[in-house]
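Heads up, target-v4.cif below (mmCIF, C-alpha atoms and all ligand atoms):
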data_my_file
#
loop_
_atom_site.label_atom_id
_atom_site.label_comp_id
_atom_site.auth_asym_id
_atom_site.auth_seq_id
_atom_site.Cartn_x
_atom_site.Cartn_y
_atom_site.Cartn_z
CA MET A 28 -41.17 84.35 -43.06
CA LYS A 29 -38.54 83.60 -45.65
CA SER A 30 -34.81 83.84 -45.04
CA GLU A 31 -33.18 84.47 -48.46
CA VAL A 32 -31.73 87.94 -48.68
CA SER A 33 -32.73 90.04 -51.72
CA LYS A 34 -30.38 92.01 -53.92
CA ILE A 35 -32.06 95.31 -53.04
CA ALA A 36 -31.59 94.51 -49.34
CA CYS A 37 -27.86 94.08 -49.96
CA ASP A 38 -27.78 97.25 -52.11
CA ALA A 39 -29.41 99.25 -49.34
CA ALA A 40 -26.99 97.81 -46.79
CA ALA A 41 -24.07 98.85 -49.01
CA ASN A 42 -25.28 102.44 -48.64
CA VAL A 43 -24.78 102.52 -44.88
CA SER A 44 -22.35 105.33 -44.15
CA GLN A 45 -19.96 104.63 -41.29
CA ASP A 46 -19.01 108.31 -41.11
CA ARG A 47 -22.60 109.57 -41.03
CA LEU A 48 -23.57 107.07 -38.34
CA TRP A 49 -20.46 107.81 -36.26
CA GLN A 50 -21.03 111.56 -36.49
CA CYS A 51 -24.62 111.12 -35.23
CA LEU A 52 -23.38 108.89 -32.38
CA MET A 53 -20.81 111.46 -31.29
CA ASP A 54 -23.24 114.39 -31.63
CA LEU A 55 -25.84 112.60 -29.52
CA ALA A 56 -23.22 111.56 -26.94
CA ALA A 57 -22.44 115.24 -26.38
CA VAL A 58 -25.97 115.73 -25.02
CA GLY A 59 -25.58 114.88 -21.35
CA GLY A 60 -21.88 114.20 -21.98
CA LEU A 61 -19.71 113.96 -18.85
CA PRO A 62 -16.09 115.15 -18.51
CA ASP A 63 -14.88 111.53 -18.19
CA GLY A 64 -16.33 110.63 -21.61
CA GLY A 65 -19.49 109.07 -20.19
CA VAL A 66 -23.08 110.17 -20.61
CA CYS A 67 -25.81 111.03 -18.10
CA ARG A 68 -29.07 111.37 -19.98
CA HIS A 69 -31.84 110.37 -17.62
CA ALA A 70 -35.23 109.54 -19.10
CA LEU A 71 -37.47 112.59 -19.62
CA SER A 72 -34.77 114.95 -18.30
CA PRO A 73 -33.77 118.22 -20.00
CA GLU A 74 -30.92 116.27 -21.65
CA ASP A 75 -33.36 113.67 -22.97
CA ILE A 76 -35.55 116.47 -24.31
CA GLU A 77 -32.51 118.01 -26.01
CA ALA A 78 -31.53 114.66 -27.53
CA ARG A 79 -35.07 114.24 -28.85
CA ALA A 80 -34.95 117.73 -30.41
CA MET A 81 -31.67 116.87 -32.11
CA LEU A 82 -33.06 113.66 -33.58
CA ILE A 83 -36.31 115.34 -34.64
CA GLY A 84 -34.29 118.04 -36.43
CA TRP A 85 -32.23 115.42 -38.30
CA ALA A 86 -35.33 113.42 -39.23
CA GLU A 87 -37.38 116.40 -40.42
CA SER A 88 -34.50 117.74 -42.47
CA ARG A 89 -34.42 114.41 -44.32
CA GLY A 90 -38.17 114.43 -44.99
CA TYR A 91 -39.26 111.67 -42.62
CA GLU A 92 -42.57 111.71 -40.75
CA VAL A 93 -41.90 112.32 -37.06
CA SER A 94 -44.50 111.56 -34.41
CA VAL A 95 -44.78 110.78 -30.71
CA ASP A 96 -47.17 108.72 -28.60
CA GLU A 97 -48.61 109.24 -25.11
CA ALA A 98 -45.67 107.46 -23.49
CA ALA A 99 -43.32 109.87 -25.34
CA ASN A 100 -41.95 107.09 -27.53
CA LEU A 101 -40.53 108.99 -30.51
CA TRP A 102 -41.29 107.63 -34.00
CA VAL A 103 -39.56 108.45 -37.29
CA ARG A 104 -41.19 106.95 -40.38
CA ARG A 105 -39.82 106.24 -43.82
CA ARG A 106 -42.94 105.81 -45.91
CA GLY A 107 -43.73 102.59 -47.74
CA THR A 108 -45.62 102.24 -51.00
CA HIS A 109 -48.53 100.71 -49.03
CA ARG A 110 -49.26 103.42 -46.54
CA ASP A 111 -51.54 101.29 -44.40
CA ALA A 112 -49.41 98.15 -44.29
CA GLU A 113 -48.21 97.20 -40.80
CA PRO A 114 -44.77 98.79 -40.37
CA VAL A 115 -41.45 97.18 -39.68
CA ILE A 116 -39.86 98.83 -36.64
CA ALA A 117 -36.26 99.22 -35.46
CA GLY A 118 -34.78 101.23 -32.62
CA SER A 119 -33.82 101.25 -28.97
CA HIS A 120 -33.60 103.97 -26.28
CA MET A 121 -31.82 107.30 -25.75
CA ASP A 122 -31.93 107.45 -21.94
CA SER A 123 -28.72 106.37 -20.19
CA GLN A 124 -27.48 105.14 -16.87
CA PRO A 125 -26.45 107.96 -14.45
CA ALA A 126 -22.81 107.27 -15.33
CA GLY A 127 -23.43 105.49 -18.60
CA GLY A 128 -21.70 105.29 -21.95
CA LYS A 129 -22.18 106.62 -25.46
CA PHE A 130 -23.60 103.48 -27.04
CA ASP A 131 -26.08 101.69 -24.77
CA GLY A 132 -29.39 102.49 -26.42
CA ALA A 133 -28.18 105.37 -28.57
CA TYR A 134 -26.51 102.93 -30.95
CA GLY A 135 -29.78 101.10 -31.63
CA VAL A 136 -31.69 104.30 -32.30
CA LEU A 137 -29.04 105.74 -34.58
CA ALA A 138 -28.36 102.46 -36.42
CA ALA A 139 -32.09 102.39 -37.20
CA PHE A 140 -31.93 106.02 -38.33
CA GLU A 141 -28.92 105.17 -40.51
CA ALA A 142 -30.88 102.28 -42.03
CA LEU A 143 -33.60 104.70 -43.20
CA GLN A 144 -30.97 106.93 -44.76
CA ALA A 145 -29.21 104.00 -46.43
CA MET A 146 -32.52 103.00 -48.04
CA ASP A 147 -32.85 106.57 -49.34
CA ALA A 148 -29.28 106.61 -50.60
CA ALA A 149 -29.92 103.34 -52.44
CA GLY A 150 -33.10 104.83 -53.93
CA ILE A 151 -35.22 101.85 -52.96
CA GLU A 152 -38.87 101.68 -52.08
CA THR A 153 -40.35 99.22 -49.63
CA ARG A 154 -43.93 98.02 -49.52
CA ARG A 155 -44.29 98.56 -45.77
CA PRO A 156 -43.33 101.72 -43.91
CA VAL A 157 -40.16 101.44 -41.83
CA ASP A 158 -40.34 103.12 -38.43
CA MET A 159 -37.42 104.10 -36.23
CA VAL A 160 -38.37 104.29 -32.56
CA ALA A 161 -36.69 105.76 -29.48
CA TRP A 162 -38.45 104.17 -26.51
CA THR A 163 -38.99 106.09 -23.26
CA ASN A 164 -37.15 105.13 -20.05
CA GLU A 165 -35.59 101.82 -20.92
CA GLU A 166 -32.88 102.04 -18.26
CA GLY A 167 -34.93 102.53 -15.14
CA GLY A 168 -32.06 104.59 -13.70
CA ARG A 169 -34.25 107.58 -12.85
CA PHE A 170 -37.68 105.97 -12.54
CA ASP A 171 -37.64 102.62 -10.84
CA ARG A 172 -39.10 100.51 -13.61
CA GLY A 173 -37.32 100.06 -16.91
CA CYS A 174 -38.75 99.62 -20.43
CA THR A 175 -41.64 101.95 -19.67
CA GLY A 176 -42.34 103.07 -23.23
CA SER A 177 -42.06 99.67 -24.86
CA SER A 178 -44.14 97.99 -22.14
CA VAL A 179 -46.95 100.48 -22.78
CA TRP A 180 -46.71 100.15 -26.57
CA SER A 181 -46.78 96.36 -26.31
CA GLY A 182 -50.02 96.52 -24.32
CA ASP A 183 -48.37 94.74 -21.38
CA MET A 184 -48.63 97.72 -19.00
CA PRO A 185 -51.10 100.60 -18.87
CA LEU A 186 -49.38 103.99 -19.00
CA GLU A 187 -51.50 105.08 -16.03
CA ASP A 188 -49.69 102.53 -13.90
CA TYR A 189 -46.44 104.49 -14.21
CA LEU A 190 -47.66 108.06 -13.76
CA ASN A 191 -47.17 108.24 -9.99
CA ASP A 192 -43.72 106.63 -9.94
CA VAL A 193 -41.27 109.00 -8.31
CA GLY A 194 -37.77 109.43 -9.74
CA VAL A 195 -34.53 109.46 -7.74
CA ASP A 196 -34.75 113.26 -8.00
CA GLY A 197 -38.25 113.32 -6.46
CA VAL A 198 -39.99 114.15 -9.76
CA ARG A 199 -43.23 112.31 -10.60
CA PHE A 200 -43.04 110.29 -13.82
CA GLY A 201 -46.30 111.84 -15.03
CA ASP A 202 -44.91 115.36 -14.59
CA ALA A 203 -41.66 114.58 -16.42
CA LEU A 204 -43.67 112.92 -19.17
CA ARG A 205 -45.90 115.96 -19.54
CA ALA A 206 -42.88 118.30 -19.73
CA THR A 207 -41.32 116.10 -22.41
CA LEU A 208 -44.48 116.00 -24.50
CA GLU A 209 -45.00 119.75 -24.07
CA ALA A 210 -41.54 120.37 -25.52
CA THR A 211 -42.79 119.10 -28.91
CA PRO A 212 -46.40 120.38 -29.01
CA ASP A 213 -46.64 120.24 -32.81
CA LEU A 214 -45.63 116.63 -33.30
CA PRO A 215 -48.44 114.41 -34.61
CA ARG A 216 -49.57 111.75 -32.12
CA ARG A 217 -49.32 108.04 -32.74
CA PRO A 218 -51.71 105.65 -31.00
CA ARG A 219 -50.53 104.21 -27.70
CA SER A 220 -50.25 100.82 -29.38
CA PHE A 221 -50.61 99.52 -32.92
CA ALA A 222 -49.99 96.36 -34.89
CA ALA A 223 -46.58 95.91 -36.46
CA HIS A 224 -45.06 93.35 -38.81
CA ALA A 225 -41.77 92.96 -36.91
CA TYR A 226 -39.34 94.73 -34.56
CA VAL A 227 -35.54 94.50 -34.75
CA GLU A 228 -33.34 96.13 -32.08
CA PRO A 229 -29.63 96.71 -32.66
CA HIS A 230 -27.52 97.07 -29.52
CA ILE A 231 -23.96 96.71 -28.28
CA GLU A 232 -23.53 93.26 -26.74
CA GLN A 233 -22.67 94.59 -23.25
CA GLY A 234 -20.72 91.39 -22.74
CA PRO A 235 -17.40 89.92 -23.93
CA VAL A 236 -18.35 87.08 -26.30
CA LEU A 237 -18.27 88.74 -29.74
CA GLU A 238 -15.00 90.52 -29.06
CA ALA A 239 -13.39 87.35 -27.67
CA ASN A 240 -14.44 85.43 -30.77
CA GLY A 241 -13.51 88.15 -33.25
CA VAL A 242 -17.05 88.09 -34.71
CA PRO A 243 -18.87 91.37 -35.54
CA ILE A 244 -22.52 90.29 -35.28
CA ALA A 245 -24.77 88.23 -33.03
CA ALA A 246 -28.30 87.21 -33.86
CA VAL A 247 -29.90 87.28 -30.41
CA THR A 248 -32.00 84.28 -29.55
CA SER A 249 -33.47 85.26 -26.17
CA ILE A 250 -33.38 87.57 -23.15
CA GLN A 251 -33.14 86.22 -19.62
CA GLY A 252 -35.80 87.09 -17.03
CA VAL A 253 -35.38 89.89 -14.51
CA ARG A 254 -36.86 90.71 -11.13
CA TRP A 255 -36.27 94.01 -9.36
CA MET A 256 -37.46 94.88 -5.90
CA ASN A 257 -36.82 97.45 -3.22
CA ILE A 258 -36.26 96.13 0.28
CA GLU A 259 -36.78 98.60 3.08
CA PHE A 260 -36.02 98.27 6.79
CA PHE A 261 -37.45 100.59 9.43
CA GLY A 262 -35.69 100.93 12.77
CA ALA A 263 -35.24 103.77 15.23
CA ALA A 264 -32.78 106.65 15.06
CA GLY A 265 -30.71 107.35 18.16
CA HIS A 266 -27.33 108.52 19.40
CA ALA A 267 -24.44 106.39 18.07
CA GLY A 268 -22.33 107.02 21.20
CA THR A 269 -24.85 106.33 23.88
CA THR A 270 -27.51 103.84 22.74
CA PRO A 271 -26.67 100.31 23.98
CA HIS A 272 -26.61 97.68 21.21
CA ALA A 273 -29.09 95.54 23.10
CA VAL A 274 -31.87 98.07 22.59
CA ARG A 275 -30.99 99.35 19.13
CA ARG A 276 -33.23 98.93 16.12
CA ASP A 277 -30.56 99.64 13.52
CA ALA A 278 -31.99 99.54 10.00
CA PHE A 279 -28.54 99.32 8.39
CA GLN A 280 -27.54 96.25 10.41
CA ALA A 281 -30.78 94.58 9.34
CA ALA A 282 -30.03 95.45 5.70
CA HIS A 283 -26.49 94.13 6.08
CA ARG A 284 -27.78 90.79 7.43
CA ALA A 285 -30.34 90.64 4.63
CA VAL A 286 -27.75 91.23 1.90
CA ALA A 287 -25.52 88.51 3.37
CA SER A 288 -28.42 86.09 3.49
CA LEU A 289 -29.55 86.98 -0.06
CA ASN A 290 -26.00 86.46 -1.31
CA SER A 291 -26.16 82.88 0.02
CA LEU A 292 -29.60 82.37 -1.46
CA MET A 293 -28.42 83.51 -4.89
CA ASP A 294 -25.10 81.68 -4.77
CA ASP A 295 -24.89 79.62 -7.95
CA PRO A 296 -21.95 77.25 -8.55
CA ASN A 297 -22.70 77.46 -12.29
CA ASP A 298 -22.53 81.27 -12.21
CA VAL A 299 -25.78 81.68 -14.15
CA ILE A 300 -27.80 83.65 -11.59
CA ARG A 301 -27.00 87.36 -11.65
CA PHE A 302 -27.62 89.14 -8.34
CA THR A 303 -26.90 92.81 -7.71
CA VAL A 304 -27.57 95.31 -4.94
CA GLY A 305 -27.05 98.53 -6.89
CA ARG A 306 -28.75 101.23 -4.84
CA ILE A 307 -28.78 101.89 -1.13
CA VAL A 308 -30.45 104.75 0.68
CA VAL A 309 -29.65 105.31 4.36
CA GLU A 310 -31.58 107.76 6.54
CA PRO A 311 -30.74 110.02 8.16
CA ASN A 312 -27.28 109.19 6.70
CA SER A 313 -25.16 110.65 9.44
CA PRO A 314 -22.05 108.98 10.95
CA ASN A 315 -23.20 109.39 14.53
CA THR A 316 -26.92 108.62 14.22
CA ILE A 317 -28.25 105.05 14.18
CA PRO A 318 -29.89 104.52 10.75
CA GLU A 319 -33.64 104.73 10.97
CA ARG A 320 -34.52 103.65 7.45
CA VAL A 321 -32.56 101.78 4.82
CA LEU A 322 -33.72 100.92 1.34
CA PHE A 323 -31.74 98.75 -1.02
CA SER A 324 -32.58 97.55 -4.48
CA ILE A 325 -32.10 94.05 -5.76
CA ASP A 326 -31.75 93.05 -9.40
CA PHE A 327 -31.63 89.34 -10.09
CA ARG A 328 -31.78 87.51 -13.36
CA HIS A 329 -31.90 84.01 -14.80
CA PRO A 330 -33.02 82.40 -18.05
CA ASP A 331 -35.45 80.07 -16.24
CA LYS A 332 -38.77 81.51 -15.09
CA ALA A 333 -39.41 78.69 -12.62
CA LEU A 334 -36.12 79.42 -10.85
CA LEU A 335 -36.87 83.15 -10.73
CA ASN A 336 -40.26 82.47 -9.18
CA GLU A 337 -38.84 79.97 -6.70
CA LYS A 338 -36.14 82.42 -5.52
CA CYS A 339 -38.73 85.18 -5.23
CA ARG A 340 -40.81 82.99 -2.92
CA VAL A 341 -37.92 82.55 -0.46
CA ILE A 342 -36.68 86.14 -0.45
CA GLN A 343 -39.50 87.11 1.91
CA ALA A 344 -38.41 84.54 4.53
CA SER A 345 -34.73 85.57 4.29
CA VAL A 346 -35.57 89.22 4.74
CA ALA A 347 -37.96 88.55 7.62
CA GLU A 348 -35.28 86.61 9.47
CA ALA A 349 -32.67 89.33 8.84
CA ALA A 350 -34.99 92.09 10.04
CA GLY A 351 -34.51 91.27 13.76
CA PRO A 352 -36.11 94.13 15.72
CA CYS A 353 -36.82 96.20 12.58
CA SER A 354 -39.91 96.12 10.45
CA PHE A 355 -39.61 95.74 6.69
CA ASN A 356 -41.30 96.15 3.34
CA ILE A 357 -40.59 94.41 0.04
CA THR A 358 -41.79 96.26 -3.05
CA PRO A 359 -41.44 94.49 -6.39
CA THR A 360 -40.74 97.00 -9.17
CA THR A 361 -39.70 95.37 -12.43
CA HIS A 362 -40.86 91.90 -13.41
CA MET A 363 -39.75 90.62 -16.81
CA ASP A 364 -40.08 87.00 -17.79
CA PRO A 365 -37.49 85.32 -20.02
CA THR A 366 -38.23 85.87 -23.70
CA LEU A 367 -37.45 83.64 -26.64
CA PHE A 368 -37.29 85.35 -30.03
CA PRO A 369 -38.93 83.62 -33.01
CA GLN A 370 -36.52 81.32 -34.79
CA ASP A 371 -37.42 82.51 -38.29
CA LEU A 372 -36.60 86.14 -37.46
CA VAL A 373 -33.31 85.13 -35.83
CA ASP A 374 -32.58 83.10 -39.00
CA ARG A 375 -33.23 86.17 -41.15
CA ILE A 376 -30.71 88.23 -39.20
CA GLU A 377 -28.16 85.47 -39.53
CA ALA A 378 -28.90 85.22 -43.27
CA SER A 379 -28.47 89.00 -43.69
CA ALA A 380 -25.09 88.86 -41.96
CA ALA A 381 -24.00 85.93 -44.17
CA ALA A 382 -25.22 87.66 -47.36
CA LEU A 383 -23.13 90.71 -46.46
CA GLY A 384 -20.09 88.53 -45.71
CA HIS A 385 -20.03 88.97 -41.94
CA GLY A 386 -19.55 86.31 -39.27
CA CYS A 387 -22.47 85.88 -36.90
CA LEU A 388 -22.92 84.04 -33.61
CA ARG A 389 -26.18 83.22 -31.86
CA LEU A 390 -26.26 84.69 -28.36
CA ALA A 391 -28.68 84.94 -25.47
CA SER A 392 -28.89 88.40 -23.91
CA GLY A 393 -28.01 88.84 -20.25
CA ALA A 394 -29.25 92.43 -20.34
CA PHE A 395 -32.89 93.28 -20.80
CA HIS A 396 -34.02 95.39 -23.73
CA ASP A 397 -37.15 96.96 -25.15
CA ALA A 398 -37.29 94.00 -27.55
CA LEU A 399 -38.48 91.92 -24.59
CA TYR A 400 -41.71 93.94 -24.54
CA ALA A 401 -41.95 94.50 -28.30
CA ALA A 402 -41.98 90.71 -28.59
CA LYS A 403 -45.35 90.70 -26.81
CA ASN A 404 -46.80 92.70 -29.72
CA CYS A 405 -45.04 91.44 -32.86
CA PRO A 406 -42.22 89.10 -33.93
CA SER A 407 -39.07 90.68 -32.50
CA ALA A 408 -35.35 90.00 -32.37
CA MET A 409 -32.03 91.75 -31.83
CA ILE A 410 -28.67 92.32 -33.48
CA PHE A 411 -25.60 92.68 -31.25
CA ILE A 412 -22.26 94.23 -32.15
CA PRO A 413 -19.11 93.89 -30.03
CA CYS A 414 -18.13 96.40 -27.36
CA ARG A 415 -14.62 96.80 -25.98
CA GLY A 416 -13.87 94.47 -23.08
CA GLY A 417 -17.59 93.68 -22.87
CA LEU A 418 -17.89 96.83 -20.77
CA SER A 419 -21.23 98.67 -20.48
CA HIS A 420 -23.10 100.85 -17.95
CA HIS A 421 -19.75 102.59 -17.66
CA PRO A 422 -18.27 105.82 -19.08
CA ASP A 423 -15.57 103.83 -20.92
CA GLU A 424 -18.14 101.83 -22.91
CA TRP A 425 -16.85 101.72 -26.49
CA ALA A 426 -17.80 100.25 -29.87
CA GLU A 427 -15.59 100.45 -32.96
CA PRO A 428 -16.92 102.61 -35.82
CA ALA A 429 -16.55 99.69 -38.25
CA HIS A 430 -18.62 97.40 -36.02
CA CYS A 431 -21.29 100.09 -35.67
CA ALA A 432 -21.53 100.28 -39.46
CA ILE A 433 -21.62 96.49 -39.89
CA GLY A 434 -24.49 96.25 -37.40
CA ALA A 435 -26.37 98.99 -39.24
CA ALA A 436 -25.80 97.22 -42.56
CA VAL A 437 -27.12 93.90 -41.25
CA LEU A 438 -30.07 95.79 -39.79
CA THR A 439 -30.73 97.59 -43.09
CA ALA A 440 -30.74 94.39 -45.12
CA THR A 441 -33.02 92.68 -42.61
CA LEU A 442 -35.45 95.61 -42.52
CA VAL A 443 -35.66 95.94 -46.32
CA ASP A 444 -36.66 92.33 -46.74
CA LEU A 445 -39.09 92.43 -43.83
CA ALA A 446 -40.62 95.59 -45.28
CA ASN A 447 -41.24 93.81 -48.57
CA ASP A 448 -42.93 90.72 -47.03
C1 LIG A 501 -30.59 97.19 -19.11
O1 LIG A 501 -30.09 98.28 -19.03
C2 LIG A 501 -30.32 96.15 -18.17
O2 LIG A 501 -30.10 96.49 -16.98
O3 LIG A 501 -30.27 94.97 -18.55
MN MN A 502 -29.78 99.45 -23.58
MN MN A 503 -28.57 99.81 -20.18
#
Take the structure from the file and write it as structure tokens.
Ligand code: GLV
Ligand code: MN
Ligand code: MN
Amino acid sequence: MKSEVSKIACDAAANVSQDRLWQCLMDLAAVGGLPDGGVCRHALSPEDIEARAMLIGWAESRGYEVSVDEAANLWVRRRGTHRDAEPVIAGSHMDSQPAGGKFDGAYGVLAAFEALQAMDAAGIETRRPVDMVAWTNEEGGRFDRGCTGSSVWSGDMPLEDYLNDVGVDGVRFGDALRATLEATPDLPRRPRSFAAHAYVEPHIEQGPVLEANGVPIAAVTSIQGVRWMNIEFFGAAGHAGTTPHAVRRDAFQAAHRAVASLNSLMDDPNDVIRFTVGRIVVEPNSPNTIPERVLFSIDFRHPDKALLNEKCRVIQASVAEAAGPCSFNITPTTHMDPTLFPQDLVDRIEASAAALGHGCLRLASGAFHDALYAAKNCPSAMIFIPCRGGLSHHPDEWAEPAHCAIGAAVLTATLVDLAND
């Protein structure tokens, strides 16, 4: 791959409209919008279906080809002069955290959509088609495993493997998927997987580095690895006032010991390991009944696969020791290895930023993204823009309109040149 930036790539980038992009961002944020300014748009929920309908309406009104695949990944195509050439793809996800923000995911989808429109406004043709994609269930906030759509498209996971996952609301993934696909019965179907020339994902940084350095763009070099698991303890319910401690099998106390022991295990003087217990379920969840069952999730991350595997091996022993009189189960859910993006694609993003006159850092991503799976199928990389205070997975998540437009411009230039390879 080459890394000079063509004049038509810069011309297309100059046609990015900050106002048009911002209006789309705000319109989409209203779908599942919360009174505190945040967004709750769970994957495959009625809000997700409404967001899809909004995007489909915009895309059809501009003459793009809209299609969907079996995993409900939504595709919007700007045709190339060589219809059968492998496409260049850009996008992200539209599902959000339960109390998420306006930009995580939505920005990447809408920046990609803006790139298609900027190419139209510039009146340019590309040899390859350019596809915008909105991947299904990146967050994993409703269904326990994130990046569902991109992992299926990449060929890394069979769709069938996800169908019986049960959401936090008790709905089966397969049923929610069917309802989502049934909402757009007339959309043409794309294959579950297909070859692509390249994938570029724009996203807010979700961390503080760009803002702190006053730089509007990062060319993302890698994504750290992630392991998720659910740890469950089973004890015995009983009366809180009368049951002597000596005979209790208290599932919460076992969970409490386990979290303390895992905190020590994950303690890292260099502050590189990320360890989070983000969900806890207590049953029967009554102040005066001894907890019978407790489930808690763990999310831990590190750039080094060997370290992730080593920590995973010792978790079992820590949990077994903490269990005391309770029995336990450990169920791995998400398993993502660290991913390095190809240097030449990262170089091209950096070159696009330079050609458009924007500063650019190279950053590793602490968050996971669909690009991690896309990279298993085709050369992939990411573009980050700053977000206020580095805050994300929070209703106050914020990106400046000017930064959103700069990211879309760098994306547009990169896509145009990739689409003419
Ligand atoms: C993505 O949302 C992540 O948790 O990194
Ligand atoms: Mn995201
Ligand atoms: Mn997220």
Item to complete: List the neighbours of Tyr400 in chain A out to 7 Å using all atoms listed in the file; skip same-chain residues closer than 3 positions along the sequence, and give me the result as a ChimeraX atom specification.
Response: /A:177-178,181,397,403
Deliver the residues from the most recent selection as a file, using C-alpha atoms, as a short mmCIF file (atom, residue, chain, number, x, y, z; two decimals), in the frame of the given file.
data_model
loop_
_atom_site.label_atom_id
_atom_site.label_comp_id
_atom_site.auth_asym_id
_atom_site.auth_seq_id
_atom_site.Cartn_x
_atom_site.Cartn_y
_atom_site.Cartn_z
CA SER A 177 -42.06 99.67 -24.86
CA SER A 178 -44.14 97.99 -22.14
CA SER A 181 -46.78 96.36 -26.31
CA ASP A 397 -37.15 96.96 -25.15
CA LYS A 403 -45.35 90.70 -26.81
#
Using all atoms listed in the file, determine which residues fall within 8 Å of ligand LIG 501 (chain A), then list them as a PDB file with C-alpha atoms, in the coordinates of the input.
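Written out: result23.pdb:
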ATOM      1  CA  GLN A 124     -27.480 105.140 -16.870  1.00  0.00           C
ATOM      2  CA  ASP A 131     -26.080 101.690 -24.770  1.00  0.00           C
ATOM      3  CA  GLU A 165     -35.590 101.820 -20.920  1.00  0.00           C
ATOM      4  CA  GLU A 166     -32.880 102.040 -18.260  1.00  0.00           C
ATOM      5  CA  GLY A 167     -34.930 102.530 -15.140  1.00  0.00           C
ATOM      6  CA  GLY A 173     -37.320 100.060 -16.910  1.00  0.00           C
ATOM      7  CA  GLY A 393     -28.010  88.840 -20.250  1.00  0.00           C
ATOM      8  CA  ALA A 394     -29.250  92.430 -20.340  1.00  0.00           C
ATOM      9  CA  PHE A 395     -32.890  93.280 -20.800  1.00  0.00           C
ATOM     10  CA  HIS A 396     -34.020  95.390 -23.730  1.00  0.00           C
ATOM     11  CA  HIS A 420     -23.100 100.850 -17.950  1.00  0.00           C
TER      12      HIS A 420
END
Tell me, counting all atoms listed in the file, for each residue of chain A within 12 Å of ligand MN 502 (chain A), which pair of atoms is nearest and how far apart they are in Å to one decimal, in rows ordered by chain and increasing number, as CSV.
residue,atom,partner,partner_atom,distance
A:Gly118,CA,A:MN502,MN,10.5
A:Ser119,CA,A:MN502,MN,7.0
A:His120,CA,A:MN502,MN,6.5
A:Met121,CA,A:MN502,MN,8.4
A:Asp122,CA,A:MN502,MN,8.4
A:Ser123,CA,A:MN502,MN,7.8
A:Gln124,CA,A:MN502,MN,9.1
A:Gly127,CA,A:MN502,MN,10.1
A:Gly128,CA,A:MN502,MN,10.1
A:Lys129,CA,A:MN502,MN,10.6
A:Phe130,CA,A:MN502,MN,8.1
A:Asp131,CA,A:MN502,MN,4.5
A:Gly132,CA,A:MN502,MN,4.2
A:Ala133,CA,A:MN502,MN,7.9
A:Tyr134,CA,A:MN502,MN,8.8
A:Gly135,CA,A:MN502,MN,8.2
A:Val136,CA,A:MN502,MN,10.2
A:Ala161,CA,A:MN502,MN,11.1
A:Trp162,CA,A:MN502,MN,10.3
A:Thr163,CA,A:MN502,MN,11.4
A:Asn164,CA,A:MN502,MN,10.0
A:Glu165,CA,A:MN502,MN,6.8
A:Glu166,CA,A:MN502,MN,6.7
A:Gly167,CA,A:MN502,MN,10.4
A:Gly168,CA,A:MN502,MN,11.4
A:Gly173,CA,A:MN502,MN,10.1
A:Cys174,CA,A:MN502,MN,9.5
A:Glu228,CA,A:MN502,MN,9.8
A:Pro229,CA,A:MN502,MN,9.5
A:His230,CA,A:MN502,MN,6.8
A:Ile231,CA,A:MN502,MN,8.0
A:Glu232,CA,A:MN502,MN,9.3
A:Gln233,CA,A:MN502,MN,8.6
A:Ser392,CA,A:MN502,MN,11.1
A:Gly393,CA,A:MN502,MN,11.3
A:Ala394,CA,A:MN502,MN,7.7
A:Phe395,CA,A:MN502,MN,7.4
A:His396,CA,A:MN502,MN,5.9
A:Asp397,CA,A:MN502,MN,7.9
A:Ala398,CA,A:MN502,MN,10.1
A:Leu399,CA,A:MN502,MN,11.6
A:Met409,CA,A:MN502,MN,11.5
A:Phe411,CA,A:MN502,MN,11.1
A:Ser419,CA,A:MN502,MN,9.1
A:His420,CA,A:MN502,MN,8.8
A:Glu424,CA,A:MN502,MN,11.9
Query - Distance query range 34-47 of chain A at most 12 Å, all atoms listed in the file, self and fewer than 6 positions along chain excluded, as a PyMOL selection string - result: chain A and resi 53-54+85+137-153+375-376+378-384+427-447
So which residues touch Cys353 in chain A within 7 Å, counting all atoms listed in the file, skipping near sequence neighbours fewer than 2 positions away, as an mmCIF file with C-alpha atoms, keeping the file's coordinate frame?
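Listing of part.cif after writing:
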data_model
loop_
_atom_site.group_PDB
_atom_site.id
_atom_site.type_symbol
_atom_site.label_atom_id
_atom_site.label_comp_id
_atom_site.auth_asym_id
_atom_site.auth_seq_id
_atom_site.Cartn_x
_atom_site.Cartn_y
_atom_site.Cartn_z
ATOM 1 C CA PHE A 260 -36.020 98.270 6.790
ATOM 2 C CA PHE A 261 -37.450 100.590 9.430
ATOM 3 C CA GLY A 262 -35.690 100.930 12.770
ATOM 4 C CA ARG A 276 -33.230 98.930 16.120
ATOM 5 C CA ALA A 278 -31.990 99.540 10.000
ATOM 6 C CA ALA A 350 -34.990 92.090 10.040
ATOM 7 C CA GLY A 351 -34.510 91.270 13.760
ATOM 8 C CA PHE A 355 -39.610 95.740 6.690
#
Shortest contact to Leu367 in chain A, candidates A:Val193, A:Ala206, A:Ile250, A:Val95, atoms counted only C-alpha atoms, goes to A:Ile250
Could you pull the residues within 7 Å of range 283-299 of chain A, counting all atoms listed in the file, minus those fewer than 3 positions along the same chain, as a PDB file with C-alpha atoms, keeping the file's coordinate frame?
ATOM      1  CA  PHE A 279     -28.540  99.320   8.390  1.00  0.00           C
ATOM      2  CA  GLN A 280     -27.540  96.250  10.410  1.00  0.00           C
ATOM      3  CA  PHE A 302     -27.620  89.140  -8.340  1.00  0.00           C
ATOM      4  CA  HIS A 329     -31.900  84.010 -14.800  1.00  0.00           C
ATOM      5  CA  SER A 345     -34.730  85.570   4.290  1.00  0.00           C
ATOM      6  CA  VAL A 346     -35.570  89.220   4.740  1.00  0.00           C
ATOM      7  CA  ALA A 349     -32.670  89.330   8.840  1.00  0.00           C
TER       8      ALA A 349
END
